[in-house]
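Visitor: Structure below; questions to follow.
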Amino acid sequence: MEAKWCFRKLRPGEKDRQPTQGEFFATDAISSVAEALVRESIQNSLDAAPKEQGSTVHVRIFLANGQHALPALQAREYFAGGWKHFTAKGNGLDEIPADDENCSYLVVEDFGTTGLTGDVNQWQHIPGAKNPFYYFFRTEGRSGKGEEDRGRWGVGKYVFPRSSRINAHIALTVREDDKKCLLMGQAVLKSHSVGSDYFTPDGDFGRASVDGLILPVNDPSSIEQFRNDFRIQRKDEPGLSVVVPWVNTDITREALLRAVIEGYFFPILTGDLVVTVATGDDEIEINKESLDAAGKALGEEFTKKMLPLFDLAALARESGVETVIKLNPANSQRPVWESSLVPTELIAALRQRFRSGETLAVEVPLTVRERGVPDRTSFFRFYLINDGSEGGVPVFIRDGIIIPDVSGRWVPGVRSMVVVEHSPLATLLGDSENPAHTQWQKEREHFRHKYTYGKSYIDFVTQSVAMFVRLLNASDQQTDRDLLREIFSVPKQPEANETKEKSRPRKRNKGEIIKDIPKVEPKKRRFTLTKVSGGFTITRGAQDAPLPTSLEIAVAYDRRRGSALKKYAPPDFRLDQKPIIIETKEVKVVRKELNRLEVNVLQPDFQVSVTGFDENRDLYVNVDAKEAGNDS
């Protein structure tokens, strides 16, 4: 093969750089390497699709390990020239494969996209030049995507080397414009020494030109060998196929399936995306018809979590203009939730539909104000159903991507989904996202100075479901004194001329008059809350107190001002994620999410211990004990 690995020596005056791009994806909202890989790679594929209505992107993810791994001897043909760099001390790799270890690998291919088009000789940024090849292989922290694309930061491609035990990937692309088939690879290590020479972190796999620029391989025989060795399906279809060699062992078939379904069920249900997850033994295609079955195959707990969301997403797909409830436009200067947004003539009917458990599709118009640009009208939609769900926190979707770490207001018993797809507002929220696209961050430098009242848009969207429900019920809070007069009897009040019988006070021996003081029995505690190192423990209270049937526990770090629970934010901690540890005895956990835990008490000697909190911060714990028949 004519291609080889090339690492450049560090020259005097250059920075000794230690790349940290992979840390952008080390967030609590992304639970695994597989999830980061799936989120970013599919997002890039969706962005690479032609901007045509009704087009579908097909992504194939193929995992080859065990007996299906590439034999070590064949793998070495692709890495022989660079192996001294991949085994060098201090290169940042933790699990370097042994010399005779077969190469387990992952292939991610997209179809229905344009491939890496652009001038392969471009080596520096040219303003206005559209060159996906350049941005994929030759830049760091710079993206060539437009405002309507899902990515912004230019670091999404680093999920590929991050998923490899040698921090490398090799890509094969067929370009839509000139139909050329090109092969090139990249590695991202740390600055390292080989013998007496000191090298920069970046390595390129390709053919060297006379001026030292590494160019892609276009030799048909080399490309055909690569296709066969790594079982790539692409022939002459435009798109990109990326091979991740010596793939991280945490990336499994089940982890990939979970990540695909959790992160991209919405574009799958709308028909914009089809994903195939394959191994050497089996293959499953996830499309809008098979999504339910694929979710059920991952177990009852996963099904319970995801199927309700599928239902809401299906409604979003099917909602025509005639079925959507349109609210009045928000204030054009600064969006704020106020009673005038819900048309007065619709309130009574909407309240009835909401309380009866009907699913509602709501559209909210608003005006996006970007500095230096004329104001643009936009909108977003949310879908909700009052079905007594255990959740209550909305799911937020921006351009088909689930944004998992958004702090939406909790609405007990309401299942909801907020979908932002219209360009002006979707662009605004995309500009506020962190590199992993898990949060909307109000303080991002690029975001704060780009929009007028930008923070208000984030608040407006994240509060939408809670405020809509509050506005629906606001006019229903007035007291009706005659409401229950036919059910309960009310003692007649004495008329002005009627004499009221007075109770006779008791007298003491000295003539002092005292009133009877009712005897109040002290309330017996049904549970005991005890502080322990890094958390708390809840056990039974008084022995003769009624045993609670369930406990609802809410936790937050205490605040100097305001309600601790209302100011809880998922970045503080999540009860369903590390480092929080929950240990139980004689209880059944029925709900565990964000900062809330609910358990059913099974025996008197029950115990709930929750630890792992920051010991430098005060903890606020609210426990609501319920008895049988008590729904207060």
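In the structure tokens, chains take the letters A, B, ... in the order shown, each chain's residues start at 1, and ligands count up from 1 in the order shown.
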Skipping near chain neighbours, those fewer than 3 positions away, what residues fall within 12 Å of A:Ser339 using only C-alpha atoms, listed as number ranges by chain?
Guide: A: 327-331, 336, 342-344, 347, 467-475
Visitor: Output the selection as an mmCIF file, in the first residue's frame - N, CA and C atoms for each residue.
Guide:
```cif
data_model
loop_
_atom_site.group_PDB
_atom_site.id
_atom_site.type_symbol
_atom_site.label_atom_id
_atom_site.label_comp_id
_atom_site.auth_asym_id
_atom_site.auth_seq_id
_atom_site.Cartn_x
_atom_site.Cartn_y
_atom_site.Cartn_z
ATOM 1 N N LEU A 327 -50.627 29.469 19.900
ATOM 2 C CA LEU A 327 -50.740 30.521 20.899
ATOM 3 C C LEU A 327 -50.499 31.878 20.252
ATOM 4 N N ASN A 328 -50.809 32.913 20.985
ATOM 5 C CA ASN A 328 -50.527 34.261 20.508
ATOM 6 C C ASN A 328 -49.018 34.499 20.534
ATOM 7 N N PRO A 329 -48.491 35.353 19.651
ATOM 8 C CA PRO A 329 -47.041 35.589 19.615
ATOM 9 C C PRO A 329 -46.530 36.152 20.939
ATOM 10 N N ALA A 330 -45.337 35.724 21.321
ATOM 11 C CA ALA A 330 -44.695 36.277 22.517
ATOM 12 C C ALA A 330 -44.249 37.706 22.234
ATOM 13 N N ASN A 331 -43.993 38.446 23.296
ATOM 14 C CA ASN A 331 -43.537 39.827 23.180
ATOM 15 C C ASN A 331 -42.361 39.907 22.204
ATOM 16 N N VAL A 336 -41.559 36.587 27.080
ATOM 17 C CA VAL A 336 -41.898 36.325 28.474
ATOM 18 C C VAL A 336 -43.234 35.604 28.505
ATOM 19 N N VAL A 342 -52.133 32.594 25.810
ATOM 20 C CA VAL A 342 -53.170 31.589 25.557
ATOM 21 C C VAL A 342 -54.461 32.313 25.209
ATOM 22 N N PRO A 343 -54.984 32.120 23.996
ATOM 23 C CA PRO A 343 -56.216 32.819 23.608
ATOM 24 C C PRO A 343 -57.342 32.548 24.609
ATOM 25 N N THR A 344 -57.986 33.612 25.071
ATOM 26 C CA THR A 344 -59.009 33.493 26.105
ATOM 27 C C THR A 344 -60.122 32.540 25.705
ATOM 28 N N ILE A 347 -59.267 28.737 26.439
ATOM 29 C CA ILE A 347 -58.808 28.247 27.739
ATOM 30 C C ILE A 347 -59.693 27.137 28.287
ATOM 31 N N MET A 467 -45.178 26.587 32.212
ATOM 32 C CA MET A 467 -45.921 27.841 32.189
ATOM 33 C C MET A 467 -47.247 27.692 31.443
ATOM 34 N N PHE A 468 -47.267 26.879 30.390
ATOM 35 C CA PHE A 468 -48.525 26.651 29.676
ATOM 36 C C PHE A 468 -49.548 25.994 30.598
ATOM 37 N N VAL A 469 -49.129 24.990 31.338
ATOM 38 C CA VAL A 469 -50.044 24.316 32.269
ATOM 39 C C VAL A 469 -50.504 25.284 33.344
ATOM 40 N N ARG A 470 -49.585 26.125 33.832
ATOM 41 C CA ARG A 470 -49.968 27.099 34.860
ATOM 42 C C ARG A 470 -50.978 28.105 34.314
ATOM 43 N N LEU A 471 -50.742 28.586 33.089
ATOM 44 C CA LEU A 471 -51.669 29.545 32.505
ATOM 45 C C LEU A 471 -53.034 28.926 32.249
ATOM 46 N N LEU A 472 -53.043 27.648 31.866
ATOM 47 C CA LEU A 472 -54.329 26.968 31.660
ATOM 48 C C LEU A 472 -55.158 26.962 32.927
ATOM 49 N N ASN A 473 -54.491 26.724 34.043
ATOM 50 C CA ASN A 473 -55.209 26.549 35.303
ATOM 51 C C ASN A 473 -55.366 27.833 36.098
ATOM 52 N N ALA A 474 -54.709 28.918 35.649
ATOM 53 C CA ALA A 474 -54.702 30.152 36.436
ATOM 54 C C ALA A 474 -56.097 30.692 36.684
ATOM 55 N N SER A 475 -56.958 30.675 35.659
ATOM 56 C CA SER A 475 -58.294 31.252 35.807
ATOM 57 C C SER A 475 -59.250 30.295 36.491
#
```
Visitor: Write out as CSV the residues of stretch 35-124 of chain A that have any atom within 6 Å of an atom of stretch 265-284 of chain A, one row each with the nearest atom pair and its distance in Å to one decimal, counting only C-alpha atoms, sorted by chain and then rising number.
Guide:
```
residue,atom,partner,partner_atom,distance
A:Thr56,CA,A:Asp272,CA,4.6
A:Val57,CA,A:Leu273,CA,4.9
A:His58,CA,A:Val274,CA,4.8
A:Val59,CA,A:Val275,CA,4.8
A:Arg60,CA,A:Thr276,CA,4.7
A:Ile61,CA,A:Val277,CA,4.9
A:Phe62,CA,A:Ala278,CA,4.7
A:Leu63,CA,A:Thr279,CA,4.8
A:Ala64,CA,A:Thr279,CA,5.8
A:His68,CA,A:Gly280,CA,5.9
```
Visitor: Name the residues in contact with stretch 304-316 of chain A at a cut-off of 8 Å, using only C-alpha atoms, excluding same-chain residues fewer than 3 positions from it; report them as a list of chain:residue names.
Guide: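 The contact residues come out as A:Glu262, A:Phe265, A:Phe266, A:Leu269, A:Thr270, A:Asp292, A:Gly295, A:Glu300, A:Glu301, A:Ser319, A:Ala361, A:Tyr383, A:Leu384, A:Arg415, A:Ser416, A:Met417.
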Visitor: With distances taken over only C-alpha atoms, which of A:Asn434, A:Ser45, A:Thr252, A:Ser356 is nearest to A:Tyr105?
Guide: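 Of A:Asn434, A:Ser45, A:Thr252, A:Ser356, the one nearest A:Tyr105 is A:Thr252, counting only C-alpha atoms.
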Visitor: Could you give me the residues within stretch 186-356 of chain A that DSSP places in helix (DSSP H, G or I), as an mmCIF file with N, CA and C atoms, in the first residue's frame?
Guide:
```cif
data_model
loop_
_atom_site.group_PDB
_atom_site.id
_atom_site.type_symbol
_atom_site.label_atom_id
_atom_site.label_comp_id
_atom_site.auth_asym_id
_atom_site.auth_seq_id
_atom_site.Cartn_x
_atom_site.Cartn_y
_atom_site.Cartn_z
ATOM 1 N N PRO A 220 -6.819 2.636 -6.820
ATOM 2 C CA PRO A 220 -7.963 1.710 -6.754
ATOM 3 C C PRO A 220 -7.654 0.399 -6.037
ATOM 4 N N SER A 221 -6.465 -0.172 -6.227
ATOM 5 C CA SER A 221 -6.156 -1.458 -5.596
ATOM 6 C C SER A 221 -6.022 -1.319 -4.080
ATOM 7 N N SER A 222 -5.397 -0.227 -3.624
ATOM 8 C CA SER A 222 -5.269 0.016 -2.181
ATOM 9 C C SER A 222 -6.640 0.222 -1.545
ATOM 10 N N ILE A 223 -7.490 0.969 -2.237
ATOM 11 C CA ILE A 223 -8.831 1.245 -1.722
ATOM 12 C C ILE A 223 -9.659 -0.036 -1.684
ATOM 13 N N GLU A 224 -9.535 -0.875 -2.702
ATOM 14 C CA GLU A 224 -10.284 -2.127 -2.731
ATOM 15 C C GLU A 224 -9.826 -3.064 -1.609
ATOM 16 N N GLN A 225 -8.522 -3.105 -1.351
ATOM 17 C CA GLN A 225 -8.020 -3.920 -0.249
ATOM 18 C C GLN A 225 -8.569 -3.428 1.086
ATOM 19 N N PHE A 226 -8.591 -2.102 1.265
ATOM 20 C CA PHE A 226 -9.124 -1.511 2.495
ATOM 21 C C PHE A 226 -10.598 -1.881 2.674
ATOM 22 N N ARG A 227 -11.388 -1.783 1.603
ATOM 23 C CA ARG A 227 -12.809 -2.148 1.647
ATOM 24 C C ARG A 227 -12.977 -3.599 2.120
ATOM 25 N N ASN A 228 -12.217 -4.483 1.537
ATOM 26 C CA ASN A 228 -12.366 -5.904 1.841
ATOM 27 C C ASN A 228 -11.903 -6.238 3.255
ATOM 28 N N ASP A 229 -10.769 -5.665 3.676
ATOM 29 C CA ASP A 229 -10.222 -5.983 4.992
ATOM 30 C C ASP A 229 -11.158 -5.540 6.110
ATOM 31 N N ARG A 253 -22.466 -3.885 21.223
ATOM 32 C CA ARG A 253 -23.675 -3.830 20.397
ATOM 33 C C ARG A 253 -24.826 -3.181 21.166
ATOM 34 N N GLU A 254 -25.013 -3.601 22.424
ATOM 35 C CA GLU A 254 -26.129 -3.053 23.203
ATOM 36 C C GLU A 254 -25.940 -1.565 23.470
ATOM 37 N N ALA A 255 -24.695 -1.159 23.784
ATOM 38 C CA ALA A 255 -24.435 0.266 24.037
ATOM 39 C C ALA A 255 -24.711 1.100 22.792
ATOM 40 N N LEU A 256 -24.374 0.577 21.628
ATOM 41 C CA LEU A 256 -24.637 1.296 20.379
ATOM 42 C C LEU A 256 -26.136 1.409 20.122
ATOM 43 N N LEU A 257 -26.873 0.311 20.319
ATOM 44 C CA LEU A 257 -28.323 0.335 20.110
ATOM 45 C C LEU A 257 -28.990 1.343 21.035
ATOM 46 N N ARG A 258 -28.606 1.320 22.311
ATOM 47 C CA ARG A 258 -29.191 2.264 23.269
ATOM 48 C C ARG A 258 -28.929 3.701 22.851
ATOM 49 N N ALA A 259 -27.677 3.968 22.455
ATOM 50 C CA ALA A 259 -27.316 5.332 22.090
ATOM 51 C C ALA A 259 -28.076 5.805 20.855
ATOM 52 N N VAL A 260 -28.256 4.933 19.877
ATOM 53 C CA VAL A 260 -29.003 5.291 18.668
ATOM 54 C C VAL A 260 -30.452 5.621 19.008
ATOM 55 N N ILE A 261 -31.086 4.760 19.795
ATOM 56 C CA ILE A 261 -32.514 4.938 20.086
ATOM 57 C C ILE A 261 -32.738 6.134 20.999
ATOM 58 N N GLU A 262 -31.920 6.269 22.044
ATOM 59 C CA GLU A 262 -32.094 7.383 22.979
ATOM 60 C C GLU A 262 -31.794 8.722 22.325
ATOM 61 N N GLY A 263 -30.766 8.766 21.510
ATOM 62 C CA GLY A 263 -30.336 10.052 20.954
ATOM 63 C C GLY A 263 -31.038 10.476 19.690
ATOM 64 N N TYR A 264 -31.578 9.506 18.914
ATOM 65 C CA TYR A 264 -32.084 9.869 17.587
ATOM 66 C C TYR A 264 -33.434 9.236 17.249
ATOM 67 N N PHE A 265 -34.234 8.927 18.263
ATOM 68 C CA PHE A 265 -35.555 8.353 17.958
ATOM 69 C C PHE A 265 -36.429 9.334 17.187
ATOM 70 N N PHE A 266 -36.216 10.636 17.386
ATOM 71 C CA PHE A 266 -37.085 11.612 16.730
ATOM 72 C C PHE A 266 -36.872 11.643 15.219
ATOM 73 N N PRO A 267 -35.637 11.842 14.699
ATOM 74 C CA PRO A 267 -35.478 11.815 13.237
ATOM 75 C C PRO A 267 -35.749 10.433 12.649
ATOM 76 N N ILE A 268 -35.585 9.373 13.444
ATOM 77 C CA ILE A 268 -35.942 8.037 12.947
ATOM 78 C C ILE A 268 -37.443 7.963 12.715
ATOM 79 N N LEU A 269 -38.233 8.456 13.666
ATOM 80 C CA LEU A 269 -39.690 8.402 13.532
ATOM 81 C C LEU A 269 -40.212 9.347 12.451
ATOM 82 N N LEU A 291 -38.719 0.701 15.232
ATOM 83 C CA LEU A 291 -38.174 1.365 16.424
ATOM 84 C C LEU A 291 -38.733 0.781 17.715
ATOM 85 N N ASP A 292 -40.049 0.570 17.790
ATOM 86 C CA ASP A 292 -40.662 0.017 19.001
ATOM 87 C C ASP A 292 -40.065 -1.334 19.343
ATOM 88 N N ALA A 293 -39.955 -2.206 18.355
ATOM 89 C CA ALA A 293 -39.432 -3.550 18.592
ATOM 90 C C ALA A 293 -37.977 -3.503 19.032
ATOM 91 N N ALA A 294 -37.202 -2.600 18.437
ATOM 92 C CA ALA A 294 -35.796 -2.473 18.820
ATOM 93 C C ALA A 294 -35.666 -2.002 20.265
ATOM 94 N N GLY A 295 -36.541 -1.080 20.671
ATOM 95 C CA GLY A 295 -36.513 -0.609 22.047
ATOM 96 C C GLY A 295 -36.893 -1.697 23.035
ATOM 97 N N LYS A 296 -37.918 -2.481 22.704
ATOM 98 C CA LYS A 296 -38.364 -3.560 23.584
ATOM 99 C C LYS A 296 -37.299 -4.624 23.752
ATOM 100 N N GLU A 300 -37.192 -4.359 29.783
ATOM 101 C CA GLU A 300 -38.412 -3.718 30.283
ATOM 102 C C GLU A 300 -38.162 -2.307 30.787
ATOM 103 N N GLU A 301 -37.044 -2.107 31.491
ATOM 104 C CA GLU A 301 -36.766 -0.779 32.043
ATOM 105 C C GLU A 301 -36.566 0.241 30.928
ATOM 106 N N PHE A 302 -35.814 -0.134 29.893
ATOM 107 C CA PHE A 302 -35.587 0.758 28.759
ATOM 108 C C PHE A 302 -36.897 1.039 28.031
ATOM 109 N N THR A 303 -37.715 -0.001 27.876
ATOM 110 C CA THR A 303 -39.007 0.151 27.208
ATOM 111 C C THR A 303 -39.898 1.119 27.960
ATOM 112 N N LYS A 304 -39.933 0.972 29.272
ATOM 113 C CA LYS A 304 -40.772 1.842 30.103
ATOM 114 C C LYS A 304 -40.355 3.299 29.971
ATOM 115 N N LYS A 305 -39.060 3.513 29.813
ATOM 116 C CA LYS A 305 -38.533 4.868 29.697
ATOM 117 C C LYS A 305 -38.800 5.477 28.327
ATOM 118 N N MET A 306 -38.656 4.665 27.259
ATOM 119 C CA MET A 306 -38.641 5.214 25.914
ATOM 120 C C MET A 306 -39.987 5.173 25.187
ATOM 121 N N LEU A 307 -40.806 4.148 25.396
ATOM 122 C CA LEU A 307 -42.038 4.037 24.608
ATOM 123 C C LEU A 307 -42.955 5.256 24.743
ATOM 124 N N PRO A 308 -43.112 5.817 25.950
ATOM 125 C CA PRO A 308 -43.942 7.039 26.030
ATOM 126 C C PRO A 308 -43.397 8.176 25.167
ATOM 127 N N LEU A 309 -42.072 8.255 25.041
ATOM 128 C CA LEU A 309 -41.478 9.302 24.203
ATOM 129 C C LEU A 309 -41.729 9.016 22.729
ATOM 130 N N PHE A 310 -41.705 7.731 22.376
ATOM 131 C CA PHE A 310 -42.010 7.373 20.990
ATOM 132 C C PHE A 310 -43.421 7.836 20.622
ATOM 133 N N ASP A 311 -44.354 7.662 21.569
ATOM 134 C CA ASP A 311 -45.743 8.068 21.310
ATOM 135 C C ASP A 311 -45.830 9.565 21.039
ATOM 136 N N LEU A 312 -45.131 10.360 21.861
ATOM 137 C CA LEU A 312 -45.156 11.808 21.659
ATOM 138 C C LEU A 312 -44.474 12.187 20.347
ATOM 139 N N ALA A 313 -43.369 11.512 20.030
ATOM 140 C CA ALA A 313 -42.676 11.801 18.780
ATOM 141 C C ALA A 313 -43.539 11.440 17.576
ATOM 142 N N ALA A 314 -44.290 10.338 17.700
ATOM 143 C CA ALA A 314 -45.198 9.949 16.617
ATOM 144 C C ALA A 314 -46.264 11.013 16.419
ATOM 145 N N LEU A 315 -46.752 11.570 17.521
ATOM 146 C CA LEU A 315 -47.746 12.644 17.417
ATOM 147 C C LEU A 315 -47.142 13.857 16.716
ATOM 148 N N ALA A 316 -45.898 14.181 17.066
ATOM 149 C CA ALA A 316 -45.235 15.320 16.427
ATOM 150 C C ALA A 316 -45.114 15.102 14.927
ATOM 151 N N ARG A 317 -44.841 13.868 14.549
ATOM 152 C CA ARG A 317 -44.708 13.547 13.121
ATOM 153 C C ARG A 317 -46.035 13.676 12.405
ATOM 154 N N GLU A 318 -47.117 13.281 13.091
ATOM 155 C CA GLU A 318 -48.426 13.218 12.438
ATOM 156 C C GLU A 318 -49.226 14.511 12.558
ATOM 157 N N VAL A 321 -51.197 20.973 10.401
ATOM 158 C CA VAL A 321 -51.430 22.358 10.818
ATOM 159 C C VAL A 321 -52.776 22.500 11.523
ATOM 160 N N GLU A 322 -53.769 21.721 11.081
ATOM 161 C CA GLU A 322 -55.106 21.874 11.640
ATOM 162 C C GLU A 322 -55.229 21.345 13.057
ATOM 163 N N THR A 323 -54.317 20.464 13.493
ATOM 164 C CA THR A 323 -54.403 19.891 14.830
ATOM 165 C C THR A 323 -53.547 20.621 15.855
ATOM 166 N N SER A 339 -50.200 35.680 30.586
ATOM 167 C CA SER A 339 -51.531 35.097 30.374
ATOM 168 C C SER A 339 -52.082 35.377 28.977
ATOM 169 N N SER A 340 -51.665 36.467 28.354
ATOM 170 C CA SER A 340 -52.206 36.828 27.048
ATOM 171 C C SER A 340 -51.764 35.871 25.937
ATOM 172 N N LEU A 341 -50.788 35.009 26.203
ATOM 173 C CA LEU A 341 -50.321 34.095 25.178
ATOM 174 C C LEU A 341 -51.357 33.039 24.831
ATOM 175 N N THR A 344 -57.986 33.612 25.071
ATOM 176 C CA THR A 344 -59.009 33.493 26.105
ATOM 177 C C THR A 344 -60.122 32.540 25.705
ATOM 178 N N GLU A 345 -60.522 32.581 24.439
ATOM 179 C CA GLU A 345 -61.647 31.759 23.998
ATOM 180 C C GLU A 345 -61.312 30.264 23.966
ATOM 181 N N LEU A 346 -60.014 29.934 24.080
ATOM 182 C CA LEU A 346 -59.617 28.521 24.025
ATOM 183 C C LEU A 346 -59.372 27.907 25.397
ATOM 184 N N ILE A 347 -59.267 28.737 26.439
ATOM 185 C CA ILE A 347 -58.808 28.247 27.739
ATOM 186 C C ILE A 347 -59.693 27.137 28.287
ATOM 187 N N ALA A 348 -61.003 27.343 28.302
ATOM 188 C CA ALA A 348 -61.905 26.346 28.907
ATOM 189 C C ALA A 348 -61.790 25.003 28.190
ATOM 190 N N ALA A 349 -61.805 25.031 26.864
ATOM 191 C CA ALA A 349 -61.722 23.778 26.112
ATOM 192 C C ALA A 349 -60.360 23.115 26.281
ATOM 193 N N LEU A 350 -59.292 23.908 26.294
ATOM 194 C CA LEU A 350 -57.952 23.345 26.470
ATOM 195 C C LEU A 350 -57.794 22.720 27.848
ATOM 196 N N ARG A 351 -58.345 23.380 28.857
ATOM 197 C CA ARG A 351 -58.262 22.831 30.208
ATOM 198 C C ARG A 351 -58.959 21.483 30.285
ATOM 199 N N GLN A 352 -60.115 21.401 29.664
ATOM 200 C CA GLN A 352 -60.857 20.142 29.677
ATOM 201 C C GLN A 352 -60.084 19.045 28.936
ATOM 202 N N ARG A 353 -59.525 19.373 27.809
ATOM 203 C CA ARG A 353 -58.765 18.385 27.035
ATOM 204 C C ARG A 353 -57.524 17.929 27.802
ATOM 205 N N PHE A 354 -56.874 18.868 28.471
ATOM 206 C CA PHE A 354 -55.686 18.543 29.249
ATOM 207 C C PHE A 354 -56.033 17.611 30.407
ATOM 208 N N ARG A 355 -57.094 17.929 31.136
ATOM 209 C CA ARG A 355 -57.459 17.134 32.314
ATOM 210 C C ARG A 355 -58.006 15.761 31.931
#
```
Visitor: Wanna dump the stretch 226-298 of chain A-stretch 119-137 of chain A contacts at 12 Å for me, each residue with its shortest atom pair and the distance in Å to one decimal, counting only C-alpha atoms, ordered by chain and number, as JSON lines?
Guide:
```
{"residue": "A:Gly239", "atom": "CA", "partner": "A:Pro132", "partner_atom": "CA", "distance": 11.5}
{"residue": "A:Leu240", "atom": "CA", "partner": "A:Phe133", "partner_atom": "CA", "distance": 10.6}
{"residue": "A:Val242", "atom": "CA", "partner": "A:Phe136", "partner_atom": "CA", "distance": 11.5}
```
Visitor: My list of candidates is A:Ala3, A:Ala564, A:Ala466, A:Leu602. Which is closest to A:Ala208 when distances are computed with only C-alpha atoms?
Guide: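 Of A:Ala3, A:Ala564, A:Ala466, A:Leu602, the one nearest A:Ala208, counting only C-alpha atoms, is A:Ala3.
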Visitor: What is the atom CA of A:Tyr78 to atom CA of A:Arg138 distance in Å?
Guide: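 These atoms are spaced 20.5 Å apart.
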Visitor: Write out as an NGL selection string which residues come within 12 Å of A:Ser164 when counting only C-alpha atoms, dropping same-chain ones fewer than 2 positions away.
Guide: :A and (22 or 33-34 or 37 or 86 or 93-97 or 103-107 or 158-162 or 166-170 or 186-189 or 242-251)
